[in-house]
Every structure is written in structure tokens, then in C-alpha cells.
>>> print(open('coords_20.csv').read())   # CSV, C-alpha atoms and all ligand atoms
chain,number,residue,atom,x,y,z
A,631,MET,CA,124.9,46.6,130.9
A,632,ILE,CA,125.4,47.7,134.5
A,633,LEU,CA,123.0,49.6,136.8
A,634,VAL,CA,124.6,51.9,139.4
A,635,CYS,CA,123.7,54.5,142.0
A,636,PRO,CA,125.4,57.9,141.9
A,637,SER,CA,128.2,56.9,144.2
A,638,HIS,CA,129.3,53.9,142.1
A,639,VAL,CA,129.4,55.5,138.6
A,640,LYS,CA,133.2,55.8,138.8
A,641,ASP,CA,133.6,52.1,139.7
A,642,ALA,CA,131.4,51.0,136.9
A,643,LEU,CA,133.3,53.2,134.3
A,644,LYS,CA,136.5,51.2,135.1
A,645,LEU,CA,134.7,48.0,134.1
A,646,ILE,CA,133.4,49.0,130.7
A,647,TYR,CA,135.3,49.6,127.5
A,648,ILE,CA,134.0,52.7,125.6
A,649,PRO,CA,131.2,53.2,128.1
A,650,HIS,CA,128.0,55.0,127.5
A,651,ILE,CA,125.7,56.3,130.2
A,652,GLN,CA,122.0,56.8,130.4
A,653,THR,CA,119.9,57.9,133.4
A,654,VAL,CA,117.4,55.5,134.7
A,655,PRO,CA,113.9,56.9,134.5
A,656,GLU,CA,112.0,57.4,137.7
A,657,ALA,CA,109.6,54.7,136.6
A,658,GLY,CA,112.4,52.2,136.9
A,659,VAL,CA,111.6,51.3,140.4
A,660,GLY,CA,113.2,48.1,141.5
A,661,THR,CA,116.4,48.8,139.6
A,662,ARG,CA,119.3,48.2,141.9
A,663,CYS,CA,123.0,49.3,141.9
A,664,GLU,CA,125.2,46.3,141.0
A,665,PHE,CA,127.7,47.3,143.7
A,666,CYS,CA,125.6,48.2,146.8
A,667,ARG,CA,122.0,47.3,145.9
A,668,ASN,CA,120.8,50.8,146.5
A,669,ARG,CA,118.4,52.4,144.0
A,670,ALA,CA,120.1,52.7,140.6
A,671,LYS,CA,120.2,56.1,138.9
A,672,TYR,CA,122.5,55.4,136.0
A,673,LYS,CA,122.7,52.7,133.3
A,674,LEU,CA,126.1,52.0,131.8
A,675,PHE,CA,126.5,50.0,128.6
A,676,ASN,CA,129.1,49.1,126.0
A,677,TYR,CA,128.4,50.7,122.7
A,678,SER,CA,130.0,47.9,120.6
A,679,GLN,CA,127.9,45.2,122.4
A,680,GLN,CA,124.8,47.3,121.6
A,681,ARG,CA,125.7,47.4,117.9
A,682,LYS,CA,126.3,43.6,117.8
A,683,HIS,CA,122.8,43.1,119.3
A,684,ILE,CA,121.2,45.4,116.6
A,685,LYS,CA,123.0,43.5,113.8
A,686,GLN,CA,121.6,40.2,115.2
A,687,VAL,CA,118.1,41.6,115.2
A,688,ILE,CA,118.5,42.7,111.5
B,701,ZN,ZN,126.0,51.7,144.6
>>> encode(input="coords_20.csv", output="C-alpha cells", more="lines below")
Ligand SMILES: [Zn+2]
Amino acid sequence: MILVCPSHVKDALKLIYIPHIQTVPEAGVGTRCEFCRNRAKYKLFNYSQQRKHIKQVI
């Protein structure tokens, strides 16, 4: 999972295979962009990793 600000969404998309994006809620203060350490607005994650994690939980 990668947290990014609006100006680094494109850079983050290049790093993830089958990317999915969620906006970070305003309550997520302290979340920082992985590239520039500015306030993050988007969370990018890999769907297959997410599925693996769910399988382990079950
Ligand atoms: Zn950034």
C-alpha cells in the first residue's frame, strides 16, 4: 500500500500491478506522501495482495 499526495498519483501508479485507489479520509491526519512527505490524499494498493491477506485471515 502506498500513500500519495495528488501530484504523485501518476508516479505511484507505475509502481503497482493492478492498482486500486481510495481517497484518504480527512481524519487521516499524519498520513504522508511516500514521495515528498506532503499530506497524502490517496491510498493506492494492490488488489491481489489484499485478497491474499483476506485468505490468511480466514
Ligand atoms: Zn507527493
>>> residues_around(input="coords_20.csv", residues="Pro649 (chain A)", least_positions_apart="4", cutoff="12 Å", atoms="all atoms listed in the file", output="list in words")
Met631, Ile632, Val639, Lys640, Asp641, Ala642, Leu643, Lys644, Leu645, Tyr672, Lys673, Leu674, Phe675, Asn676, Tyr677, Ser678, Gln679 and Gln680 of chain A
>>> atom_distance(input="coords_20.csv", atom1="CA of Arg662 (chain A)", atom2="CA of Leu633 (chain A)")
6.5 Å
>>> residues_near_ligand(input="coords_20.csv", ligand="ligand ZN 701 (chain B)", cutoff="7 Å", atoms="all atoms listed in the file", output="count of residues only")
11
